[in-house]
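Q: Below is the file target.cif, with mmCIF, C-alpha atoms.
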data_query
loop_
_atom_site.label_atom_id
_atom_site.label_comp_id
_atom_site.auth_asym_id
_atom_site.auth_seq_id
_atom_site.Cartn_x
_atom_site.Cartn_y
_atom_site.Cartn_z
CA MET A 155 37.61 -23.78 -0.09
CA TYR A 156 39.27 -26.91 -1.47
CA ASN A 157 38.45 -30.45 -0.54
CA GLY A 158 38.57 -32.39 -3.80
CA ASN A 159 40.71 -33.59 -6.67
CA PHE A 160 41.87 -30.31 -8.20
CA GLN A 161 41.87 -26.56 -7.85
CA THR A 162 42.59 -23.93 -10.51
CA ASN A 163 42.98 -20.18 -10.15
CA ASP A 164 41.81 -17.75 -12.81
CA SER A 165 40.95 -14.09 -13.30
CA SER A 166 39.08 -11.78 -15.66
CA ASN A 167 40.35 -8.28 -16.50
CA LYS A 168 38.25 -5.49 -18.00
CA SER A 169 38.79 -1.80 -18.64
CA LYS A 170 36.82 1.01 -20.25
CA TYR A 171 37.33 4.69 -21.03
CA ASP A 172 34.55 7.22 -20.60
CA SER A 173 33.23 8.90 -23.77
CA SER A 174 35.62 11.88 -23.44
CA ILE A 175 38.64 9.63 -22.72
CA SER A 176 39.17 11.53 -19.45
CA VAL A 177 39.01 8.51 -17.11
CA ARG A 178 39.84 4.83 -17.48
CA ALA A 179 37.97 2.35 -15.25
CA TYR A 180 39.57 -1.06 -14.73
CA SER A 181 38.80 -4.16 -12.68
CA THR A 182 39.92 -7.74 -12.11
CA VAL A 183 37.81 -10.62 -10.79
CA TYR A 184 39.75 -13.46 -9.13
CA TYR A 185 38.21 -16.90 -8.70
CA THR A 186 39.06 -20.54 -8.16
CA THR A 187 37.43 -23.65 -9.55
CA SER A 188 37.57 -26.75 -7.35
CA SER A 189 36.23 -30.27 -7.23
CA ILE A 190 34.19 -30.87 -4.07
CA ASP A 191 32.79 -34.36 -3.53
CA GLY A 192 33.11 -35.07 -7.27
CA GLU A 193 31.34 -31.89 -8.46
CA ASP A 194 33.01 -28.73 -9.76
CA TYR A 195 32.43 -25.39 -8.00
CA THR A 196 33.60 -21.81 -8.47
CA ASP A 197 34.61 -19.52 -5.61
CA LEU A 198 34.86 -15.78 -6.21
CA THR A 199 37.88 -14.89 -4.07
CA LYS A 200 38.67 -11.21 -4.67
CA VAL A 201 37.97 -8.16 -6.84
CA SER A 202 40.25 -5.20 -7.43
CA GLY A 203 40.44 -2.19 -9.69
CA GLY A 204 39.95 1.54 -9.81
CA TRP A 205 39.87 4.66 -11.93
CA THR A 206 42.77 6.45 -13.63
CA ILE A 207 42.23 10.17 -14.29
CA LEU A 208 43.72 11.19 -17.66
CA ASP A 209 42.36 14.77 -17.72
CA SER A 210 43.16 16.92 -14.68
CA THR A 211 40.07 19.08 -15.29
CA VAL A 212 37.84 16.11 -14.38
CA SER A 213 37.01 15.18 -10.78
CA LEU A 214 35.52 11.91 -9.49
CA SER A 215 32.84 11.29 -6.86
CA ASN A 216 30.14 8.76 -5.90
CA ARG A 217 32.36 5.72 -6.36
CA LYS A 218 30.48 2.42 -6.07
CA VAL A 219 31.74 -1.16 -6.25
CA ASN A 220 29.30 -4.06 -6.11
CA PHE A 221 30.52 -7.62 -6.42
CA GLY A 222 29.00 -11.02 -5.90
CA ALA A 223 28.34 -14.62 -6.82
CA THR A 224 24.92 -16.08 -7.62
CA GLY A 225 23.85 -19.62 -8.45
CA TRP A 226 23.28 -23.08 -7.02
CA ALA A 227 25.57 -23.88 -4.10
CA LYS A 228 26.56 -27.28 -2.76
CA SER A 229 23.75 -29.69 -1.95
CA GLY A 230 21.83 -28.66 1.15
CA VAL A 231 22.61 -24.95 0.69
CA GLY A 232 20.41 -24.27 -2.35
CA TYR A 233 20.31 -21.20 -4.58
CA VAL A 234 22.33 -18.28 -3.20
CA GLN A 235 22.66 -14.59 -4.08
CA GLN A 236 25.80 -13.29 -2.39
CA THR A 237 26.50 -9.59 -2.91
CA SER A 238 28.76 -6.99 -1.33
CA TYR A 239 28.06 -3.23 -1.74
CA ASN A 240 30.97 -0.84 -1.28
CA ASN A 241 31.74 2.89 -1.58
CA PRO A 242 35.51 3.36 -1.87
CA THR A 243 36.85 6.82 -1.04
CA SER A 244 40.00 6.56 -3.18
CA ASN A 245 40.56 5.82 -6.86
CA SER A 246 41.56 2.20 -6.28
CA PHE A 247 39.97 -0.73 -4.46
CA SER A 248 40.57 -4.31 -3.46
CA TYR A 249 37.96 -6.44 -1.68
CA SER A 250 38.12 -10.09 -0.69
CA ALA A 251 34.94 -12.14 -0.79
CA PRO A 252 33.66 -13.07 2.68
CA SER A 253 34.78 -16.54 3.77
CA SER A 254 31.12 -17.32 4.55
CA TRP A 255 30.19 -17.22 0.84
CA ALA A 256 29.25 -20.60 -0.61
CA PRO A 257 30.96 -21.94 -3.76
CA ILE A 258 28.71 -21.96 -6.83
CA SER A 259 28.18 -25.10 -8.94
CA VAL A 260 29.93 -24.96 -12.33
CA VAL A 261 26.93 -26.63 -14.00
CA SER A 262 24.46 -24.24 -12.36
CA THR A 263 22.15 -22.61 -14.88
CA GLY A 264 22.26 -18.86 -14.41
CA ARG A 265 25.55 -18.83 -12.53
CA ILE A 266 27.06 -15.35 -12.54
CA PHE A 267 29.85 -13.75 -10.60
CA GLY A 268 31.87 -10.59 -10.94
CA VAL A 269 32.07 -6.88 -10.18
CA THR A 270 30.33 -3.72 -11.39
CA THR A 271 31.75 -0.27 -10.72
CA TRP A 272 30.29 3.21 -11.11
CA VAL A 273 31.84 6.65 -10.75
CA THR A 274 30.50 10.15 -11.37
CA LEU A 275 32.72 12.42 -13.47
CA LYS A 276 32.48 16.20 -13.36
CA ARG A 277 34.09 18.95 -15.46
CA GLY A 278 33.30 22.54 -14.53
CA THR A 279 29.86 23.25 -13.05
CA ASN A 280 27.51 21.84 -15.68
CA SER A 281 29.18 18.83 -17.26
CA VAL A 282 28.44 15.66 -15.27
CA TRP A 283 28.38 12.06 -16.46
CA GLU A 284 28.82 8.51 -15.18
CA LEU A 285 31.22 5.77 -16.14
CA GLN A 286 30.12 2.21 -15.46
CA LEU A 287 32.29 -0.87 -15.85
CA VAL A 288 30.77 -4.36 -15.78
CA ASN A 289 33.15 -7.29 -15.35
CA ASN A 290 30.82 -10.22 -14.83
CA ILE A 291 31.40 -13.82 -15.78
CA LEU A 292 28.36 -15.89 -16.62
CA LYS A 293 28.53 -19.61 -17.14
CA ASN A 294 25.44 -21.36 -18.34
CA GLY A 295 24.47 -24.93 -17.56
CA LYS A 296 26.70 -26.24 -20.36
CA GLY A 297 29.80 -24.60 -18.91
CA TYR A 298 30.18 -21.97 -21.63
CA LEU A 299 32.01 -18.88 -20.44
CA ILE A 300 30.42 -15.59 -21.45
CA HIS A 301 32.12 -12.28 -20.59
CA ILE A 302 29.65 -9.44 -20.24
CA MET A 303 30.25 -6.09 -21.93
CA VAL A 304 30.90 -2.67 -20.43
CA THR A 305 28.95 0.54 -20.95
CA THR A 306 29.27 4.26 -20.42
CA GLN A 307 26.22 6.35 -19.50
CA LYS A 308 25.79 10.13 -19.61
CA ALA A 309 23.64 12.02 -17.10
CA PRO A 310 20.78 11.93 -16.37
CA PHE A 311 21.45 8.40 -15.15
CA SER A 312 18.97 6.12 -16.82
CA LYS A 313 18.33 2.57 -15.62
CA LYS A 314 17.82 1.55 -19.26
CA LEU A 315 20.54 -0.75 -20.58
CA LYS A 316 22.15 0.02 -23.92
CA HIS A 317 22.55 -3.64 -24.89
CA LYS A 318 20.02 -6.44 -24.46
CA SER A 319 22.75 -8.95 -23.64
CA GLN A 320 24.04 -6.94 -20.69
CA TYR A 321 23.52 -8.20 -17.15
CA ILE A 322 24.46 -5.94 -14.27
CA LEU A 323 25.28 -7.44 -10.90
CA SER A 324 23.69 -5.01 -8.48
#
Can you dump the structure from the file as structure tokens?
A:
Amino acid sequence: MYNGNFQTNDSSNKSKYDSSISVRAYSTVYYTTSSIDGEDYTDLTKVSGGWTILDSTVSLSNRKVNFGATGWAKSGVGYVQQTSYNNPTSNSFSYSAPSSWAPISVVSTGRIFGVTTWVTLKRGTNSVWELQLVNNILKNGKGYLIHIMVTTQKAPFSKKLKHKSQYILS
């Protein structure tokens, strides 16, 4: 959506290996920043990525891709939480954000947008673990860009986060 003075396109790339270096998860978040009626807004436009298997003894299952944009939208719309939940069946994905999603104000406190992926890895009959990749972009009310870290979790899958500064879009 563009109806102002400028529009810029940007992206954020992240990748992470699991603890055994058997699989590499990777993702890219695409977004535009536009001026609408004199105020700057961000539109999440697309996410893409996948998993590269580096060890042929490892199999993948339970692939999940959640992406979204949360924050204050244009006047009259209010605070929005826009999320898409997906279960790809292959080792790569590409999803466009719905055209109905509202752009998020750049100066919105608590604005966050991005993608989180999960995949279950299995070797043999007893070795199972999960690889999670978080590629979220958080901009606080002062416009500072903060990229959020990635983590790897081993089974059993705990909801506990390893780092206090981590925010998972789910």
Q: Please determine, counting all atoms listed in the file, which residue among A:Gln235, A:Asn167, A:Asn216, A:Ser210 has the shortest atom-to-atom distance to A:Phe267.
A: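 Closest residue, counting all atoms listed in the file: A:Gln235.
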Q: To one decimal in Å, tell me the separation between atom CA of A:Tyr239 and atom CA of A:Asn220.
A: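 Atom CA of A:Asn220 lies at a distance of 4.6 Å from atom CA of A:Tyr239.
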Q: Contacts of A:Ser246 at 9 Å or less, counting only C-alpha atoms, minus same-chain residues fewer than 3 places along, as a PyMOL selection string?
A: chain A and resi 202-206+242-243
Q: Name the closest residue to A:Ile175 among the candidates A:Thr224, A:Gln236, A:Val231, A:Leu275; distances are taken between atoms, counting only C-alpha atoms.
A: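 Closest candidate: A:Leu275.
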Q: Using only C-alpha atoms, which of A:Val219, A:Ile258, A:Ile190, A:Val212 sits nearest A:Val234?
A: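 Nearest candidate to A:Val234 out of A:Val219, A:Ile258, A:Ile190, A:Val212: A:Ile258.
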Q: Step by step: locate stretch 245-260 of chain A in the block above, keep all heavy atoms, then write the file as a PDB file, in the first residue's frame.
A:
ATOM      1  N   ASN A 245      10.562 -28.689   2.205  1.00  0.00           N
ATOM      2  CA  ASN A 245      11.627 -28.053   2.976  1.00  0.00           C
ATOM      3  C   ASN A 245      11.893 -26.603   2.574  1.00  0.00           C
ATOM      4  O   ASN A 245      12.917 -26.032   2.961  1.00  0.00           O
ATOM      5  CB  ASN A 245      12.912 -28.870   2.878  1.00  0.00           C
ATOM      6  CG  ASN A 245      12.791 -30.175   3.637  1.00  0.00           C
ATOM      7  OD1 ASN A 245      11.972 -30.307   4.545  1.00  0.00           O
ATOM      8  ND2 ASN A 245      13.599 -31.146   3.270  1.00  0.00           N
ATOM      9  N   SER A 246      10.980 -26.011   1.825  1.00  0.00           N
ATOM     10  CA  SER A 246      11.078 -24.579   1.539  1.00  0.00           C
ATOM     11  C   SER A 246       9.675 -23.982   1.569  1.00  0.00           C
ATOM     12  O   SER A 246       8.684 -24.696   1.414  1.00  0.00           O
ATOM     13  CB  SER A 246      11.743 -24.336   0.180  1.00  0.00           C
ATOM     14  OG  SER A 246      10.963 -24.872  -0.856  1.00  0.00           O
ATOM     15  N   PHE A 247       9.607 -22.671   1.782  1.00  0.00           N
ATOM     16  CA  PHE A 247       8.304 -21.998   1.840  1.00  0.00           C
ATOM     17  C   PHE A 247       8.434 -20.568   1.344  1.00  0.00           C
ATOM     18  O   PHE A 247       9.525 -19.978   1.361  1.00  0.00           O
ATOM     19  CB  PHE A 247       7.737 -22.009   3.270  1.00  0.00           C
ATOM     20  CG  PHE A 247       8.573 -21.251   4.269  1.00  0.00           C
ATOM     21  CD1 PHE A 247       8.398 -19.891   4.469  1.00  0.00           C
ATOM     22  CD2 PHE A 247       9.552 -21.899   5.018  1.00  0.00           C
ATOM     23  CE1 PHE A 247       9.172 -19.189   5.378  1.00  0.00           C
ATOM     24  CE2 PHE A 247      10.331 -21.205   5.935  1.00  0.00           C
ATOM     25  CZ  PHE A 247      10.136 -19.850   6.118  1.00  0.00           C
ATOM     26  N   SER A 248       7.320 -20.035   0.913  1.00  0.00           N
ATOM     27  CA  SER A 248       7.201 -18.635   0.552  1.00  0.00           C
ATOM     28  C   SER A 248       5.736 -18.258   0.715  1.00  0.00           C
ATOM     29  O   SER A 248       4.861 -18.883   0.101  1.00  0.00           O
ATOM     30  CB  SER A 248       7.656 -18.408  -0.896  1.00  0.00           C
ATOM     31  OG  SER A 248       7.507 -17.041  -1.244  1.00  0.00           O
ATOM     32  N   TYR A 249       5.468 -17.279   1.560  1.00  0.00           N
ATOM     33  CA  TYR A 249       4.098 -16.834   1.816  1.00  0.00           C
ATOM     34  C   TYR A 249       4.034 -15.318   1.703  1.00  0.00           C
ATOM     35  O   TYR A 249       4.861 -14.614   2.276  1.00  0.00           O
ATOM     36  CB  TYR A 249       3.633 -17.230   3.224  1.00  0.00           C
ATOM     37  CG  TYR A 249       3.621 -18.715   3.472  1.00  0.00           C
ATOM     38  CD1 TYR A 249       4.565 -19.308   4.305  1.00  0.00           C
ATOM     39  CD2 TYR A 249       2.658 -19.522   2.878  1.00  0.00           C
ATOM     40  CE1 TYR A 249       4.553 -20.676   4.537  1.00  0.00           C
ATOM     41  CE2 TYR A 249       2.640 -20.894   3.109  1.00  0.00           C
ATOM     42  CZ  TYR A 249       3.594 -21.455   3.943  1.00  0.00           C
ATOM     43  OH  TYR A 249       3.578 -22.813   4.155  1.00  0.00           O
ATOM     44  N   SER A 250       3.036 -14.839   0.982  1.00  0.00           N
ATOM     45  CA  SER A 250       2.775 -13.403   0.919  1.00  0.00           C
ATOM     46  C   SER A 250       1.793 -13.032   2.022  1.00  0.00           C
ATOM     47  O   SER A 250       0.887 -13.809   2.344  1.00  0.00           O
ATOM     48  CB  SER A 250       2.168 -13.025  -0.436  1.00  0.00           C
ATOM     49  OG  SER A 250       3.110 -13.236  -1.458  1.00  0.00           O
ATOM     50  N   ALA A 251       1.973 -11.845   2.589  1.00  0.00           N
ATOM     51  CA  ALA A 251       1.026 -11.365   3.590  1.00  0.00           C
ATOM     52  C   ALA A 251      -0.301 -11.060   2.906  1.00  0.00           C
ATOM     53  O   ALA A 251      -0.316 -10.572   1.769  1.00  0.00           O
ATOM     54  CB  ALA A 251       1.568 -10.114   4.274  1.00  0.00           C
ATOM     55  N   PRO A 252      -1.415 -11.351   3.562  1.00  0.00           N
ATOM     56  CA  PRO A 252      -2.724 -11.030   2.975  1.00  0.00           C
ATOM     57  C   PRO A 252      -2.838  -9.532   2.679  1.00  0.00           C
ATOM     58  O   PRO A 252      -2.366  -8.695   3.452  1.00  0.00           O
ATOM     59  CB  PRO A 252      -3.718 -11.450   4.061  1.00  0.00           C
ATOM     60  CG  PRO A 252      -2.984 -12.463   4.877  1.00  0.00           C
ATOM     61  CD  PRO A 252      -1.543 -12.031   4.854  1.00  0.00           C
ATOM     62  N   SER A 253      -3.474  -9.202   1.575  1.00  0.00           N
ATOM     63  CA  SER A 253      -3.636  -7.791   1.202  1.00  0.00           C
ATOM     64  C   SER A 253      -4.533  -7.047   2.192  1.00  0.00           C
ATOM     65  O   SER A 253      -4.520  -5.817   2.242  1.00  0.00           O
ATOM     66  CB  SER A 253      -4.208  -7.681  -0.214  1.00  0.00           C
ATOM     67  OG  SER A 253      -5.457  -8.330  -0.285  1.00  0.00           O
ATOM     68  N   SER A 254      -5.294  -7.785   2.990  1.00  0.00           N
ATOM     69  CA  SER A 254      -6.185  -7.161   3.975  1.00  0.00           C
ATOM     70  C   SER A 254      -5.437  -6.672   5.217  1.00  0.00           C
ATOM     71  O   SER A 254      -6.004  -5.945   6.035  1.00  0.00           O
ATOM     72  CB  SER A 254      -7.273  -8.150   4.393  1.00  0.00           C
ATOM     73  OG  SER A 254      -6.676  -9.298   4.984  1.00  0.00           O
ATOM     74  N   TRP A 255      -4.163  -7.060   5.385  1.00  0.00           N
ATOM     75  CA  TRP A 255      -3.425  -6.641   6.571  1.00  0.00           C
ATOM     76  C   TRP A 255      -3.157  -5.139   6.548  1.00  0.00           C
ATOM     77  O   TRP A 255      -2.778  -4.581   5.519  1.00  0.00           O
ATOM     78  CB  TRP A 255      -2.110  -7.393   6.677  1.00  0.00           C
ATOM     79  CG  TRP A 255      -2.276  -8.795   7.202  1.00  0.00           C
ATOM     80  CD1 TRP A 255      -3.435  -9.486   7.352  1.00  0.00           C
ATOM     81  CD2 TRP A 255      -1.228  -9.655   7.624  1.00  0.00           C
ATOM     82  NE1 TRP A 255      -3.185 -10.735   7.850  1.00  0.00           N
ATOM     83  CE2 TRP A 255      -1.840 -10.875   8.032  1.00  0.00           C
ATOM     84  CE3 TRP A 255       0.146  -9.540   7.706  1.00  0.00           C
ATOM     85  CZ2 TRP A 255      -1.107 -11.951   8.504  1.00  0.00           C
ATOM     86  CZ3 TRP A 255       0.881 -10.619   8.177  1.00  0.00           C
ATOM     87  CH2 TRP A 255       0.270 -11.802   8.581  1.00  0.00           C
ATOM     88  N   ALA A 256      -3.335  -4.515   7.693  1.00  0.00           N
ATOM     89  CA  ALA A 256      -3.122  -3.070   7.820  1.00  0.00           C
ATOM     90  C   ALA A 256      -1.639  -2.769   8.014  1.00  0.00           C
ATOM     91  O   ALA A 256      -0.927  -3.508   8.694  1.00  0.00           O
ATOM     92  CB  ALA A 256      -3.908  -2.537   9.014  1.00  0.00           C
ATOM     93  N   PRO A 257      -1.154  -1.659   7.441  1.00  0.00           N
ATOM     94  CA  PRO A 257       0.222  -1.222   7.713  1.00  0.00           C
ATOM     95  C   PRO A 257       0.345  -0.791   9.173  1.00  0.00           C
ATOM     96  O   PRO A 257      -0.607  -0.292   9.762  1.00  0.00           O
ATOM     97  CB  PRO A 257       0.434  -0.040   6.777  1.00  0.00           C
ATOM     98  CG  PRO A 257      -0.804   0.127   5.981  1.00  0.00           C
ATOM     99  CD  PRO A 257      -1.844  -0.794   6.511  1.00  0.00           C
ATOM    100  N   ILE A 258       1.527  -0.994   9.740  1.00  0.00           N
ATOM    101  CA  ILE A 258       1.785  -0.691  11.150  1.00  0.00           C
ATOM    102  C   ILE A 258       2.595   0.601  11.255  1.00  0.00           C
ATOM    103  O   ILE A 258       3.578   0.788  10.541  1.00  0.00           O
ATOM    104  CB  ILE A 258       2.572  -1.843  11.815  1.00  0.00           C
ATOM    105  CG1 ILE A 258       1.835  -3.182  11.641  1.00  0.00           C
ATOM    106  CG2 ILE A 258       2.841  -1.550  13.285  1.00  0.00           C
ATOM    107  CD1 ILE A 258       0.473  -3.239  12.269  1.00  0.00           C
ATOM    108  N   SER A 259       2.201   1.478  12.173  1.00  0.00           N
ATOM    109  CA  SER A 259       2.886   2.753  12.372  1.00  0.00           C
ATOM    110  C   SER A 259       4.337   2.532  12.784  1.00  0.00           C
ATOM    111  O   SER A 259       4.637   1.720  13.657  1.00  0.00           O
ATOM    112  CB  SER A 259       2.166   3.575  13.438  1.00  0.00           C
ATOM    113  OG  SER A 259       2.932   4.714  13.765  1.00  0.00           O
ATOM    114  N   VAL A 260       5.242   3.280  12.153  1.00  0.00           N
ATOM    115  CA  VAL A 260       6.672   3.183  12.474  1.00  0.00           C
ATOM    116  C   VAL A 260       6.935   3.634  13.907  1.00  0.00           C
ATOM    117  O   VAL A 260       7.820   3.105  14.574  1.00  0.00           O
ATOM    118  CB  VAL A 260       7.497   4.016  11.466  1.00  0.00           C
ATOM    119  CG1 VAL A 260       8.929   4.195  11.933  1.00  0.00           C
ATOM    120  CG2 VAL A 260       7.468   3.354  10.100  1.00  0.00           C
TER     121      VAL A 260
END
